[in-house]
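The file input.txt comes next; it holds compact mmCIF, C-alpha atoms.
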```txt
# COMPACT_ATOMS: atom_id res chain seq x y z
CA MET B 1 122.63 62.46 82.80
CA ILE B 2 121.73 66.01 81.83
CA PRO B 3 123.26 68.22 84.55
CA ILE B 4 120.97 70.91 85.97
CA SER B 5 121.81 74.16 87.73
CA VAL B 6 119.21 75.58 90.11
CA CYS B 7 119.53 79.37 90.05
CA ILE B 8 118.11 81.45 92.89
CA ILE B 9 118.15 85.20 93.53
CA THR B 10 117.55 86.35 97.10
CA LYS B 11 117.50 89.30 99.46
CA ASN B 12 116.83 89.30 103.21
CA GLU B 13 114.90 86.03 103.24
CA ALA B 14 117.22 83.91 105.35
CA GLU B 15 114.51 81.65 106.80
CA ASN B 16 112.92 80.90 103.42
CA LEU B 17 116.33 80.54 101.77
CA GLN B 18 117.31 77.76 104.14
CA LYS B 19 114.05 75.89 103.49
CA CYS B 20 114.49 76.37 99.74
CA LEU B 21 118.04 75.03 99.74
CA GLU B 22 117.27 72.19 102.13
CA ALA B 23 114.60 70.89 99.74
CA LEU B 24 117.20 70.69 96.95
CA LYS B 25 119.72 68.63 98.94
CA PRO B 26 118.46 65.13 98.01
CA TYR B 27 119.10 65.72 94.30
CA PRO B 28 122.29 66.17 92.24
CA PHE B 29 121.63 69.80 91.34
CA GLU B 30 124.30 72.42 91.10
CA ILE B 31 123.01 75.29 93.26
CA VAL B 32 123.79 78.90 92.28
CA VAL B 33 122.69 81.71 94.63
CA THR B 34 122.84 85.40 93.79
CA ASP B 35 122.26 87.87 96.63
CA THR B 36 121.02 91.34 95.71
CA GLY B 37 121.89 93.17 98.91
CA SER B 38 120.88 91.21 102.01
CA THR B 39 121.55 92.66 105.44
CA ASP B 40 120.58 89.46 107.28
CA ASN B 41 122.59 86.20 107.28
CA SER B 42 121.41 85.03 103.84
CA LEU B 43 124.96 84.86 102.44
CA GLU B 44 126.11 82.73 105.36
CA ILE B 45 123.21 80.32 104.89
CA ALA B 46 123.76 80.06 101.13
CA ARG B 47 127.44 79.15 101.62
CA ARG B 48 126.43 76.19 103.79
CA TYR B 49 124.84 74.59 100.73
CA THR B 50 126.98 75.71 97.79
CA ASP B 51 130.26 77.40 96.92
CA ARG B 52 128.60 79.19 94.00
CA VAL B 53 127.35 82.27 95.86
CA TYR B 54 127.53 85.66 94.17
CA GLU B 55 126.52 89.24 94.89
CA PHE B 56 124.74 91.53 92.42
CA ALA B 57 124.08 95.21 93.02
CA TRP B 58 120.31 95.74 92.83
CA ILE B 59 119.26 97.93 89.88
CA ASN B 60 115.46 97.57 90.13
CA ASP B 61 115.46 94.81 87.51
CA PHE B 62 114.67 91.20 88.40
CA SER B 63 115.54 89.96 84.90
CA ALA B 64 119.00 91.49 85.11
CA ALA B 65 119.58 89.72 88.42
CA ARG B 66 118.29 86.39 87.09
CA ASN B 67 120.35 86.60 83.90
CA PHE B 68 123.43 87.38 85.98
CA CYS B 69 122.72 84.35 88.16
CA ILE B 70 122.28 81.94 85.25
CA SER B 71 125.48 83.27 83.67
CA ARG B 72 127.36 82.01 86.74
CA ALA B 73 126.05 78.44 86.41
CA SER B 74 128.29 75.62 85.17
CA HIS B 75 125.50 73.94 83.20
CA ASN B 76 123.26 75.08 80.36
CA THR B 77 120.07 73.49 81.73
CA ILE B 78 118.60 75.84 84.31
CA LEU B 79 115.81 75.54 86.87
CA SER B 80 115.01 79.03 88.13
CA LEU B 81 113.47 79.26 91.61
CA ASP B 82 112.58 82.03 94.03
CA THR B 83 113.67 81.97 97.66
CA ASP B 84 110.09 81.41 98.81
CA GLU B 85 109.62 78.34 96.60
CA PHE B 86 110.31 74.90 98.05
CA LEU B 87 110.79 71.90 95.77
CA ARG B 88 108.38 69.03 96.34
CA PRO B 89 109.64 65.39 96.12
CA LEU B 90 110.97 64.90 92.62
CA ASP B 91 111.15 61.95 90.19
CA TRP B 92 114.67 62.48 88.85
CA GLU B 93 114.35 59.91 86.05
CA ALA B 94 111.11 61.47 84.82
CA LEU B 95 112.76 64.88 84.82
CA GLN B 96 115.72 63.58 82.83
CA LYS B 97 113.38 61.98 80.29
CA ALA B 98 111.43 65.22 79.89
CA LEU B 99 114.62 67.19 79.26
CA GLU B 100 115.76 64.67 76.66
CA GLU B 101 112.42 64.86 74.85
CA HIS B 102 112.22 68.69 74.90
CA PRO B 103 115.77 70.01 74.52
CA LYS B 104 114.79 73.42 73.12
CA SER B 105 111.47 73.95 74.90
CA LEU B 106 110.48 75.72 78.09
CA GLY B 107 109.46 73.48 80.97
CA ALA B 108 106.42 74.76 82.88
CA ILE B 109 106.70 73.73 86.52
CA GLU B 110 103.70 73.31 88.83
CA LEU B 111 103.43 76.03 91.46
CA PHE B 112 101.26 75.62 94.56
CA SER B 113 100.77 79.19 95.82
CA TYR B 114 99.44 79.47 99.37
CA PHE B 115 97.54 82.45 100.78
CA ASP B 116 95.39 83.18 103.81
CA VAL B 117 91.73 84.18 103.62
CA GLU B 118 89.88 84.96 106.85
CA GLY B 119 92.16 82.73 108.88
CA GLU B 120 92.02 79.82 106.42
CA THR B 121 94.96 78.78 104.24
CA LYS B 122 94.04 78.16 100.62
CA HIS B 123 96.15 77.51 97.55
CA GLN B 124 96.14 78.14 93.83
CA VAL B 125 97.85 75.88 91.31
CA VAL B 126 99.49 77.44 88.26
CA ARG B 127 102.23 76.49 85.84
CA LEU B 128 105.16 78.81 85.16
CA GLU B 129 107.94 78.40 82.62
CA ARG B 130 111.07 78.03 84.74
CA LEU B 131 113.05 75.08 83.28
CA PHE B 132 115.12 75.91 80.20
CA ASN B 133 118.39 75.80 78.33
CA ARG B 134 120.25 79.11 78.62
CA ARG B 135 121.62 78.75 75.10
CA TYR B 136 118.08 79.35 73.81
CA TYR B 137 116.28 81.55 76.38
CA HIS B 138 116.82 84.47 78.73
CA PHE B 139 114.72 86.64 81.07
CA VAL B 140 113.11 89.97 80.14
CA ASN B 141 111.02 92.57 82.05
CA PRO B 142 112.19 94.32 85.23
CA VAL B 143 109.38 92.75 87.29
CA HIS B 144 107.19 89.67 86.77
CA GLU B 145 109.89 88.59 84.38
CA ILE B 146 109.36 86.02 81.64
CA LEU B 147 111.57 83.83 79.48
CA VAL B 148 111.88 84.64 75.78
CA PRO B 149 113.97 83.07 73.03
CA LEU B 150 117.42 84.20 72.08
CA GLY B 151 117.62 84.68 68.33
CA SER B 152 114.95 83.39 65.96
CA LEU B 153 113.90 80.26 67.86
CA VAL B 154 110.13 79.74 67.91
CA PRO B 155 109.26 79.17 71.60
CA SER B 156 107.47 76.04 72.74
CA SER B 157 106.64 74.65 76.17
CA TYR B 158 105.68 71.45 77.97
CA ASP B 159 104.53 70.44 81.45
CA ALA B 160 107.69 69.57 83.37
CA PRO B 161 107.50 66.97 86.20
CA VAL B 162 108.55 69.54 88.80
CA SER B 163 106.34 70.89 91.60
CA VAL B 164 107.09 73.53 94.22
CA ASP B 165 105.31 75.08 97.20
CA HIS B 166 105.21 78.89 97.03
CA VAL B 167 104.72 80.84 100.28
CA GLY B 168 105.36 84.36 98.96
CA TYR B 169 101.70 85.39 99.35
CA GLN B 170 101.75 84.58 103.04
CA GLY B 171 103.22 86.70 105.80
CA THR B 172 102.48 89.85 107.75
CA THR B 173 100.38 92.62 106.27
CA GLU B 174 103.40 94.92 106.41
CA LYS B 175 105.61 92.49 104.52
CA LEU B 176 103.03 91.87 101.81
CA LYS B 177 102.42 95.60 101.43
CA GLU B 178 106.14 96.28 101.09
CA LYS B 179 106.45 93.62 98.39
CA ALA B 180 103.38 94.88 96.51
CA GLU B 181 104.46 98.53 96.61
CA ARG B 182 107.90 97.60 95.23
CA ASP B 183 106.27 95.77 92.32
CA ILE B 184 103.75 98.55 91.69
CA ALA B 185 106.50 101.12 91.24
CA LEU B 186 108.35 98.91 88.76
CA LEU B 187 105.16 98.06 86.86
CA HIS B 188 104.25 101.74 86.38
CA ASP B 189 107.66 102.27 84.80
CA GLU B 190 107.05 99.33 82.45
CA ILE B 191 103.62 100.62 81.45
CA LYS B 192 105.16 103.91 80.35
CA ALA B 193 107.25 101.94 77.86
CA ASP B 194 104.55 99.43 76.86
CA PRO B 195 101.12 100.99 77.58
CA GLU B 196 99.03 98.49 75.58
CA ASN B 197 100.31 95.31 77.24
CA PRO B 198 97.40 93.77 79.22
CA TYR B 199 99.77 91.60 81.26
CA LEU B 200 101.24 94.64 83.01
CA TYR B 201 97.81 95.91 84.06
CA PHE B 202 96.91 92.41 85.26
CA GLN B 203 100.02 92.34 87.44
CA LEU B 204 99.16 95.76 88.87
CA GLY B 205 95.77 94.37 89.83
CA GLN B 206 97.44 91.35 91.41
CA SER B 207 99.68 93.62 93.47
CA TYR B 208 96.66 95.42 94.89
CA MET B 209 94.98 92.05 95.52
CA LEU B 210 98.03 91.14 97.60
CA MET B 211 97.31 94.21 99.75
CA ARG B 212 93.61 93.23 99.97
CA ASP B 213 92.76 96.47 98.11
CA HIS B 214 90.05 95.13 95.83
CA GLU B 215 88.88 98.56 94.68
CA ASN B 216 92.21 99.43 93.08
CA ALA B 217 92.68 95.85 91.93
CA LEU B 218 89.41 96.02 89.99
CA SER B 219 90.44 99.29 88.33
CA TRP B 220 93.60 97.73 86.94
CA PHE B 221 91.90 94.47 85.97
CA ARG B 222 89.46 96.61 83.96
CA GLU B 223 92.38 98.23 82.17
CA ALA B 224 93.76 94.77 81.36
CA MET B 225 90.38 93.63 79.99
CA LYS B 226 90.13 96.73 77.77
CA ARG B 227 93.30 95.54 76.03
CA HIS B 228 91.77 92.17 75.10
CA PRO B 229 94.12 89.61 76.68
CA MET B 230 94.71 86.56 74.52
CA PRO B 231 92.98 83.36 75.71
CA GLY B 232 96.22 81.44 75.27
CA ALA B 233 98.25 83.64 77.62
CA ASP B 234 99.13 81.86 80.86
CA TYR B 235 97.72 84.70 83.01
CA THR B 236 94.36 85.20 81.29
CA LEU B 237 92.38 82.68 83.32
CA ALA B 238 93.58 84.23 86.60
CA LEU B 239 92.65 87.68 85.27
CA LEU B 240 89.14 86.58 84.30
CA CYS B 241 88.49 84.83 87.61
CA ASN B 242 89.81 87.67 89.78
CA TYR B 243 88.11 90.39 87.73
CA ALA B 244 84.71 88.67 87.66
CA GLY B 245 85.07 87.48 91.26
CA ILE B 246 85.43 91.04 92.56
CA LEU B 247 82.53 92.20 90.41
CA LEU B 248 80.27 89.46 91.79
CA ASP B 249 81.28 90.44 95.32
CA GLU B 250 80.30 94.03 94.43
CA ASN B 251 77.02 92.83 92.88
CA GLN B 252 78.05 94.13 89.44
CA VAL B 253 76.77 91.02 87.71
CA GLU B 254 76.19 92.54 84.27
CA GLU B 255 79.83 93.56 83.94
CA ALA B 256 81.01 90.21 85.33
CA ALA B 257 79.12 88.53 82.48
CA ASN B 258 81.63 90.05 80.04
CA VAL B 259 83.99 87.16 80.79
CA LEU B 260 81.50 84.67 79.31
CA SER B 261 82.83 85.59 75.87
CA TYR B 262 85.94 83.54 76.79
CA ARG B 263 83.90 80.45 77.61
CA ASP B 264 84.93 78.34 74.58
CA SER B 265 88.60 78.95 75.30
CA PHE B 266 88.32 77.61 78.86
CA ALA B 267 85.81 74.77 78.46
CA ASP B 268 88.37 72.42 80.07
CA SER B 269 88.84 74.58 83.17
CA LYS B 270 86.95 73.75 86.36
CA ASP B 271 87.67 77.29 87.60
CA PHE B 272 86.13 79.02 84.59
CA LEU B 273 83.11 76.71 84.32
CA CYS B 274 82.29 77.24 88.00
CA LEU B 275 82.72 80.98 87.52
CA SER B 276 80.36 81.03 84.53
CA GLY B 277 77.87 78.90 86.48
CA ARG B 278 77.92 81.38 89.37
CA ILE B 279 77.41 84.27 86.96
CA TYR B 280 74.36 82.60 85.41
CA LEU B 281 72.95 81.94 88.89
CA ARG B 282 73.39 85.57 89.86
CA MET B 283 71.67 86.52 86.60
CA GLY B 284 68.69 84.41 87.65
CA GLN B 285 69.30 81.75 84.99
CA PRO B 286 69.75 78.43 86.86
CA LEU B 287 68.97 76.36 83.76
CA LYS B 288 72.03 77.89 82.08
CA ALA B 289 74.09 77.52 85.24
CA LEU B 290 73.39 73.80 85.73
CA PRO B 291 75.20 72.47 82.61
CA GLU B 292 78.22 74.61 83.46
CA PHE B 293 78.58 72.90 86.83
CA VAL B 294 77.88 69.47 85.32
CA GLN B 295 80.67 69.96 82.78
CA ALA B 296 82.94 71.24 85.54
CA LEU B 297 82.67 67.87 87.30
CA SER B 298 84.90 66.27 84.67
CA ALA B 299 86.94 69.30 83.59
CA PRO B 300 90.60 68.23 83.72
CA LYS B 301 92.16 71.57 84.68
CA TYR B 302 91.80 73.55 87.87
CA SER B 303 93.98 75.96 89.82
CA LEU B 304 91.98 77.43 92.69
CA GLU B 305 88.50 75.99 92.68
CA ASP B 306 87.75 73.34 95.31
CA PRO B 307 87.04 70.05 93.45
CA HIS B 308 83.75 69.72 95.37
CA THR B 309 82.37 73.06 94.18
CA PRO B 310 80.56 71.71 91.07
CA SER B 311 78.71 69.02 93.07
CA TYR B 312 77.70 71.59 95.67
CA TYR B 313 76.20 73.95 93.12
CA ILE B 314 74.42 71.12 91.29
CA GLY B 315 72.83 70.22 94.61
CA PHE B 316 72.03 73.88 95.25
CA ILE B 317 70.22 74.22 91.91
CA TYR B 318 68.20 71.04 92.44
CA GLU B 319 67.28 72.32 95.90
CA MET B 320 66.06 75.53 94.23
CA PHE B 321 63.79 73.39 92.05
CA GLY B 322 62.42 71.56 95.11
CA LYS B 323 64.13 68.25 94.29
CA GLN B 324 65.59 67.69 97.73
CA ASP B 325 66.49 64.00 97.30
CA ILE B 326 68.66 64.73 94.26
CA ALA B 327 70.13 67.79 96.01
CA ARG B 328 71.00 65.71 99.07
CA THR B 329 72.86 63.17 96.94
CA HIS B 330 75.06 65.86 95.40
CA TYR B 331 75.70 67.51 98.75
CA GLU B 332 76.73 64.15 100.19
CA ASN B 333 79.19 63.72 97.31
CA CYS B 334 81.02 66.80 98.63
CA GLY B 335 82.31 65.09 101.78
CA GLU B 336 83.32 67.66 104.40
CA TYR B 337 83.11 70.65 102.03
CA PRO B 338 81.72 73.29 104.46
CA PRO B 339 78.94 74.79 102.25
CA ALA B 340 77.62 71.27 101.55
CA VAL B 341 77.73 70.34 105.23
CA GLU B 342 75.63 73.41 106.00
CA ALA B 343 73.24 72.55 103.17
CA LEU B 344 72.69 69.04 104.53
CA LYS B 345 71.92 70.51 107.96
CA ARG B 346 69.40 72.80 106.30
CA LEU B 347 67.70 69.89 104.51
CA SER B 348 67.51 67.85 107.70
CA ARG B 349 65.47 70.51 109.49
CA PRO B 350 61.73 69.86 109.73
```

Could the structure of this file be written out as structure tokens, please?
Amino acid sequence: MIPISVCIITKNEAENLQKCLEALKPYPFEIVVTDTGSTDNSLEIARRYTDRVYEFAWINDFSAARNFCISRASHNTILSLDTDEFLRPLDWEALQKALEEHPKSLGAIELFSYFDVEGETKHQVVRLERLFNRRYYHFVNPVHEILVPLGSLVPSSYDAPVSVDHVGYQGTTEKLKEKAERDIALLHDEIKADPENPYLYFQLGQSYMLMRDHENALSWFREAMKRHPMPGADYTLALLCNYAGILLDENQVEEAANVLSYRDSFADSKDFLCLSGRIYLRMGQPLKALPEFVQALSAPKYSLEDPHTPSYYIGFIYEMFGKQDIARTHYENCGEYPPAVEALKRLSRP
């Protein structure tokens, strides 16, 4: 068996910390907790689950705290989690096999991030590189930290069979604002040192999104787009969808259409294909929109888009063309998807 240390940094999140640690109990992980200055009972809770509990004086640097935490682990294989991330049921044998097959690669775990929109809880699915061997990788960046190789190793990654629920985007308005403002201050410091990095501007936009400040979010997303983010970067799809989504909400369709230049890079993404279809619709080009939604039906990747969205829009376009029978069939394929339910009611009226 390849032994694994789960490394967690925490501060004043006692309730989430207990849920996080409780989810790890069924598995033979070593648990390492580093507290960065809690004034609640986080330390007491951590010691109920592990004797490897440490304190680290906060220096406005998440990577420093994470690297300290992993240095205190007994094992080289590390799974790095946040306090507000709760492990889903895990196939231990599949995890062991993945580690054996990818000894020097980064494992990208599946993250289900939950957030509230107008009283409804939604989620976004992303993959983040969090499973690694500390002999080959360490964390960099004071905020929104990433793993990079130690020495001359060429980095590689794979999809690890690990899934977690992330609740960090939920909570009171005050708590979310406090978290966002902390990150914004750190990100501005990073931008001074690395002003042409589009990722930093993207994360600034995300911080303002967290505060529901779409005006400032759009400004920073624009700065990220000016710096031509690479299609292969793990954040680029989220940037394109959030940037264009705000523009469509603001009826700035012409600028939103800029993201269509990335279409070939995201032809396997349900999110991007639905976005491009919506852009074409708003441009008054339903015949260009239709094939985007048709292709989205079988696109293998999605993170936020409801799986019923392509069928709904296919029905919507056929309804535009007066083909109500075909439209009804596609709406019915959507099950209880609310826009489709409303569309079927509309079609049933005399």

Restricting the calculation to only C-alpha atoms, which member of B:Leu218, B:Val125, B:Met230, B:Ala327 is positioned closest to Leu247 of chain B?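 That would be B:Leu218, the residue with the smallest distance to Leu247 of chain B.
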
Mind giving me the straight-line distance from atom CA of Pro155 of chain B to atom CA of Asp268 of chain B in Å, one decimal?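 Computing the Euclidean distance for atom CA of Pro155 of chain B and atom CA of Asp268 of chain B yields 23.5 Å.
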
Extract, using all atoms listed in the file, all DNA, RNA and protein residues at most 10 Å from Asp61 of chain B, discarding same-chain residues fewer than 3 positions from it, and format them as a PyMOL selection string. chain B and resi 58+64-66+140-145+186

What is the distance, in Å and to one decimal place, between atom CA of Ile4 of chain B and atom CA of Tyr136 of chain B?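 Those two atoms sit 15.1 Å apart.
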
Nearby residues (all atoms listed in the file) at most 10 Å from Gln124 of chain B, same-chain spacing under 6 positions excluded, as number ranges by chain: B: 111-115, 166, 238, 302-306

Would you list the contacts of Phe316 of chain B as a PyMOL selection string, taking every protein, DNA or RNA residue within 12 Å and counting all atoms listed in the file, but skipping same-chain residues closer than 4 positions in sequence? chain B and resi 277-278+281+286+289-290+293+309-312+320-332+334+339-340+342-344+346-347

Residues near Leu237 of chain B, cut-off 10 Å, only C-alpha atoms, skip fewer than 2 positions along chain, as a list in words: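 In the requested form, the answer reads Pro229, Met230, Pro231, Gly232, Ala233, Asp234, Tyr235, Leu239, Leu240, Cys241, Asn242, Tyr243, Val259, Tyr262, Ser265, Phe266, Ser269, Asp271, Phe272 and Ser303 of chain B.
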
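Across the structure, atom CA of Leu187 of chain B and atom CA of Tyr158 of chain B are spaced 28.1 Å apart.
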
Between B:Gly205, B:Gly168, B:Leu17, B:Tyr199, single out the one closest to Ile184 of chain B, counting only C-alpha atoms. B:Gly205
